[in-house]
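Comments concern the structure below.
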Amino acid sequence: MTSLTAAVAPVPPPGTARLAARGRSLLLPVRPALAVVVLVALLVAVCAVSLAVGSAGLRPARALAAAFGQGQGIEVVLVQRLRLPRLQAGLLVGAALGVAGLLLQVVARNRLATPGNVGIDDGATAFAVASVVGVTAAYAPSGMALAGAATACALALGLAGGAGSSGYRFLVVGLGVGAVLGAITSLLLVRAPIDAANAAFPWSVGSLSARPPGPVRLLAIGLALALPAAVLVGRRLALLRLPDGVATSLGARVPRVRLAALAVAVVCAGLAVAVGGPLGTVALVAPAAARRLAGPRGVPVVGAALAGALLVVAADLAGRTVAAPVEVPVGLVTALVGSPYLIWLLLSPRSLKTP
Amino acid sequence: MTTTAPTVPAPSRLRADQVVFGHGDEVVLHGLSVELRPGRLTAVVGPNGCGKSTLLGALARLHRPRSGAVLLDGRRLDRLPAKEAARAVGLLPQSAQAPDGLTVGDLVRFGRTPHQGLLRQWSAADQVAVEDALAEADLAHLAERPVDTLSGGQRQRAWIAMAVAQDTPVLLLDEPTASLDLGHALEVFALLRRLADEGRTVVVVVHDLTSACRYADEIVALRDGRIIGQGAPRDLVTPELIAQLYDVEAVVVGDPVTGTPLVVPVRACPAVPVRPCPAEGEKRVDSVS
């Protein structure tokens, strides 16, 4: 009986739809696809509200239209000039951190692994602050943050003897590397003249109010390259959730895949920190939310990017409105959201399981 | 094509040729040569730390030998494309842990990875292989259950089913019965015996000598990274071998059920001077505890 049905068209695995033609076949996982649809809908809604809220309130629908150049001139100027850049920065930073967190968690086989926890954020921050305190060129924060992120990651990897089967070690060593680099940031801020220290302040708390255009543009370009790369690596990464020996025996070139995933994570995290400063908990919460929505199969790269963007835009919106006209930095809001999750994770036995 | 008889891959033989492997200054495998033939179940036995798992890892191209080579039907395994090698040799490492939330079916479907591609994500052959593997491991009724809700024996069978779905002529398993009770261990051995009888080359690392003698066609005895004996259980397993392997005085009798050797340990005995002595430090720790 099975052979007959199999000869006609194979039954796809549960939870997937199969598209096939001329010997080729694609599997569309239903639940992750639905998760993406839901996240996009939520994201559009939050973006509309974010564009509408401010010193001059608009209706969300009109704000969204104004963002695309429709409606009254004054509204278009207000939205496009003043509010859209901030929203774009938030979207990009959130998406980049969501992807970076997801990739790191799979590589380290630990839900606690984030660019913040393995020292990548601290490295990027320290280098970015150094560049603001020292040199002032438009692209300097991005370049330096990227260099800092890569340095921190290389240090943690080198000292831990690779991310290999010792994911836990990588995490612990990364914590140490992060602490040292965090101390360097503090030292730089203390020793710098007050003006320079002020200019570097956003990088030490995580804020979207600075959003220099150069780093935002670089982040956009970086993400445009990194996201497709992450989706491709994500297919291979699904195998890395299995033990190394099994993954290798199934044909994965484990060290190569791991290195590619780490490289994409470092690029995403470094460029994001150059724009918004350390928003560490986004990289912790967004992948968890994406996995929750997309289910246990596979590695939800697009979902994590959307969840990260949603989180940062919503947190920024909350930070701007809760205590208006005083603005709460987005980093504080995400920390408030992320910390309870972190505590729950540390107390829950799930933290020991492979993500 | 019918699915009543499971499809079995074309037979392949795997050969280790003078394989030397080590970490840093420490040499773990001292030029091992072993030939593993289709249709045979080979058990690798030996004391803890003798290099059993390392040998299996070298056979599964997890470790690159310092010298020597692993040959699949005469071709060097490490020179084959990763995907082709993955269609030839399957490995189940020790105490494998499944990712959180995966079902048995999800896990077994992972086994099809080397047969799939970006534009060939699910074929009729994939479905047949997964169904056969689930049936072979007697897990078809549990396919939708999360792996972490299974009993130890079922979980181990799920991993074996994944390796079976991989449809490789060679199957390597590292202590698949390590944490299983008597009944579950028996089931796993019966399954491995069946897989070998169907024509696969099956290699299994085990500690339980009685089961090894019962189910294996051939035993490879390893001590300190060297093969000190190799052959059919009846010819190989003697009190002398047990003493050389484990420093244990033992009586070997016939298994009342199968007639294969049954090892009855008597007491720990001083090391037999046929091999290099273990490091001093190790011995002292032993005697204190």
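The way I read the labels, and the way they are meant: chains A, B, ... in the order of the structure tokens, residue 1 as the first residue of every chain, and ligand 1 as the first ligand shown, with later ones counted on from there.
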
Mind checking which residues fall within 10 Å of Asp138 (chain B), counting only C-alpha atoms, ignoring those fewer than 4 positions away in the same chain, and posting them as a list in words?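 Returned residues: Asp132, Ala133, Leu134, Leu142, Ala143, Gln154, Arg157, Ala158, Ala161, Glu187 and Leu191 of chain B.
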
Would you kindly report the residues of chain B within 9 Å of chain A, using only C-alpha atoms, as a short mmCIF file (atom, residue, chain, number, x, y, z; two decimals) with N, CA and C atoms, in the first residue's frame?
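The new file out-v6.cif reads:
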data_model
loop_
_atom_site.label_atom_id
_atom_site.label_comp_id
_atom_site.auth_asym_id
_atom_site.auth_seq_id
_atom_site.Cartn_x
_atom_site.Cartn_y
_atom_site.Cartn_z
N MET B 1 8.54 -2.58 -7.39
CA MET B 1 9.20 -2.38 -6.10
C MET B 1 8.20 -2.57 -4.98
N THR B 2 8.55 -3.42 -4.03
CA THR B 2 7.68 -3.59 -2.87
C THR B 2 8.40 -3.10 -1.64
N THR B 3 7.62 -2.76 -0.64
CA THR B 3 8.24 -2.28 0.59
C THR B 3 8.17 -3.32 1.69
N THR B 4 7.64 -4.51 1.36
CA THR B 4 7.54 -5.52 2.41
C THR B 4 8.92 -5.94 2.87
N GLY B 57 35.45 6.70 15.63
CA GLY B 57 35.48 8.06 15.09
C GLY B 57 36.35 8.14 13.85
N ALA B 60 34.60 6.74 10.98
CA ALA B 60 33.47 7.57 10.55
C ALA B 60 33.94 8.94 10.09
N ARG B 61 35.23 9.10 9.86
CA ARG B 61 35.88 10.33 9.40
C ARG B 61 35.62 11.53 10.31
N LEU B 62 35.42 11.25 11.62
CA LEU B 62 35.37 12.35 12.58
C LEU B 62 36.78 12.81 12.90
N PRO B 81 33.65 13.13 -1.47
CA PRO B 81 32.84 14.28 -1.09
C PRO B 81 32.00 13.94 0.15
N ALA B 82 31.81 14.95 1.02
CA ALA B 82 31.15 14.70 2.31
C ALA B 82 29.81 13.99 2.12
N LYS B 83 29.07 14.39 1.09
CA LYS B 83 27.74 13.83 0.90
C LYS B 83 27.82 12.36 0.49
N GLU B 84 28.78 12.06 -0.38
CA GLU B 84 28.93 10.68 -0.83
C GLU B 84 29.35 9.78 0.34
N ALA B 85 30.29 10.29 1.14
CA ALA B 85 30.73 9.54 2.31
C ALA B 85 29.56 9.32 3.26
N ALA B 86 28.69 10.34 3.35
CA ALA B 86 27.54 10.24 4.26
C ALA B 86 26.51 9.23 3.77
N ARG B 87 26.56 8.92 2.48
CA ARG B 87 25.65 7.89 1.97
C ARG B 87 26.25 6.50 2.13
N VAL B 89 28.66 5.65 5.06
CA VAL B 89 28.97 5.29 6.43
C VAL B 89 28.09 6.09 7.38
N GLY B 90 27.34 5.40 8.22
CA GLY B 90 26.51 6.06 9.23
C GLY B 90 27.11 5.85 10.60
N LEU B 91 26.96 6.85 11.48
CA LEU B 91 27.53 6.75 12.82
C LEU B 91 26.50 7.16 13.86
N LEU B 92 26.44 6.37 14.92
CA LEU B 92 25.66 6.77 16.08
C LEU B 92 26.62 6.91 17.25
N PRO B 93 26.96 8.17 17.64
CA PRO B 93 27.92 8.33 18.73
C PRO B 93 27.29 8.00 20.08
N ALA B 96 23.90 10.12 22.49
CA ALA B 96 23.48 11.25 21.66
C ALA B 96 22.23 11.89 22.27
N GLN B 97 22.19 13.22 22.21
CA GLN B 97 21.03 13.95 22.74
C GLN B 97 20.29 14.62 21.61
N ALA B 98 18.97 14.44 21.59
CA ALA B 98 18.17 15.03 20.52
C ALA B 98 17.84 16.48 20.85
N PRO B 99 17.75 17.34 19.82
CA PRO B 99 17.34 18.72 20.06
C PRO B 99 15.95 18.76 20.70
N ASP B 100 15.74 19.78 21.51
CA ASP B 100 14.50 19.93 22.26
C ASP B 100 13.27 19.93 21.36
N GLY B 101 12.30 19.08 21.70
CA GLY B 101 11.00 19.16 21.05
C GLY B 101 10.84 18.35 19.78
N LEU B 102 11.93 17.78 19.25
CA LEU B 102 11.81 17.01 18.00
C LEU B 102 11.04 15.71 18.25
N THR B 103 10.26 15.30 17.26
CA THR B 103 9.59 14.01 17.37
C THR B 103 10.48 12.91 16.81
N GLY B 105 9.78 10.96 14.39
CA GLY B 105 9.76 11.08 12.94
C GLY B 105 10.73 12.16 12.45
N ASP B 106 10.74 13.31 13.13
CA ASP B 106 11.67 14.39 12.76
C ASP B 106 13.11 13.88 12.78
N ARG B 109 13.87 11.42 10.03
CA ARG B 109 13.95 12.10 8.72
C ARG B 109 15.29 12.80 8.52
N PHE B 110 15.94 13.21 9.64
CA PHE B 110 17.29 13.79 9.51
C PHE B 110 18.23 12.82 8.80
N GLY B 111 17.98 11.53 8.99
CA GLY B 111 18.83 10.52 8.37
C GLY B 111 18.85 10.60 6.85
N ARG B 112 17.83 11.21 6.28
CA ARG B 112 17.74 11.29 4.82
C ARG B 112 18.57 12.45 4.25
N THR B 113 19.14 13.27 5.11
CA THR B 113 19.85 14.46 4.64
C THR B 113 20.83 14.21 3.50
N PRO B 114 21.71 13.19 3.59
CA PRO B 114 22.67 13.01 2.50
C PRO B 114 22.03 12.62 1.17
N LEU B 118 19.01 20.99 -2.14
CA LEU B 118 18.22 22.22 -2.11
C LEU B 118 16.95 22.07 -2.95
N LEU B 119 17.05 21.36 -4.07
CA LEU B 119 15.90 21.21 -4.96
C LEU B 119 15.35 19.79 -4.96
N ARG B 120 15.78 19.01 -3.98
CA ARG B 120 15.26 17.65 -3.87
C ARG B 120 15.07 17.40 -2.39
N GLN B 121 14.01 18.01 -1.84
CA GLN B 121 13.89 18.04 -0.39
C GLN B 121 13.08 16.87 0.16
N TRP B 122 12.28 16.24 -0.67
CA TRP B 122 11.50 15.10 -0.16
C TRP B 122 11.04 14.24 -1.33
N SER B 123 11.56 13.04 -1.42
CA SER B 123 11.21 12.17 -2.54
C SER B 123 10.50 10.92 -2.03
N ALA B 124 10.00 10.13 -2.99
CA ALA B 124 9.34 8.88 -2.63
C ALA B 124 10.32 7.97 -1.89
N ALA B 125 11.58 7.97 -2.33
CA ALA B 125 12.58 7.12 -1.68
C ALA B 125 12.77 7.54 -0.22
N ASP B 126 12.72 8.86 0.03
CA ASP B 126 12.85 9.35 1.40
C ASP B 126 11.73 8.79 2.27
N GLN B 127 10.52 8.86 1.72
CA GLN B 127 9.37 8.41 2.51
C GLN B 127 9.48 6.92 2.82
N VAL B 128 9.82 6.13 1.79
CA VAL B 128 9.93 4.68 1.97
C VAL B 128 11.01 4.37 3.00
N GLU B 131 9.83 5.22 6.53
CA GLU B 131 8.83 4.26 7.01
C GLU B 131 9.47 2.92 7.34
N GLU B 144 5.08 10.25 16.10
CA GLU B 144 4.72 11.64 16.41
C GLU B 144 5.06 12.05 17.84
N ALA B 163 19.85 6.30 11.80
CA ALA B 163 21.00 5.79 11.05
C ALA B 163 20.55 4.79 9.98
N GLN B 166 19.29 6.54 6.99
CA GLN B 166 20.41 7.09 6.20
C GLN B 166 20.79 6.11 5.09
#

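You will find CA of Ala221 (chain B) at 28.4 Å from CA of Arg79 (chain B).
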
Nearest to Leu92 (chain A), chosen from A:Ala274, A:Ala21, A:Leu39, A:Leu34, with only C-alpha atoms counted in the distances: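 Counting only C-alpha atoms, the residue closest to Leu92 (chain A) is A:Ala274.
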
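Relative to CA of Ile242 (chain B), CA of Val264 (chain B) is found at 10.0 Å.
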
Using only C-alpha atoms, which protein or nucleic acid residues come within 12 Å of Asp181 (chain B)? Drop anything in the same chain fewer than 6 positions from it, and give the result as a tab-separated table (two decimals) with C-alpha atoms, in the first residue's frame.
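New file part.tsv:
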chain	number	residue	atom	x	y	z
B	151	SER	CA	12.07	5.57	27.47
B	152	GLY	CA	15.81	5.04	27.20
B	153	GLY	CA	15.43	1.97	25.01
B	154	GLN	CA	12.96	3.65	22.67
B	156	GLN	CA	18.16	4.59	21.49
B	187	GLU	CA	16.14	-5.50	21.70
B	188	VAL	CA	18.92	-3.28	20.41
B	208	ASP	CA	28.99	-6.35	27.70
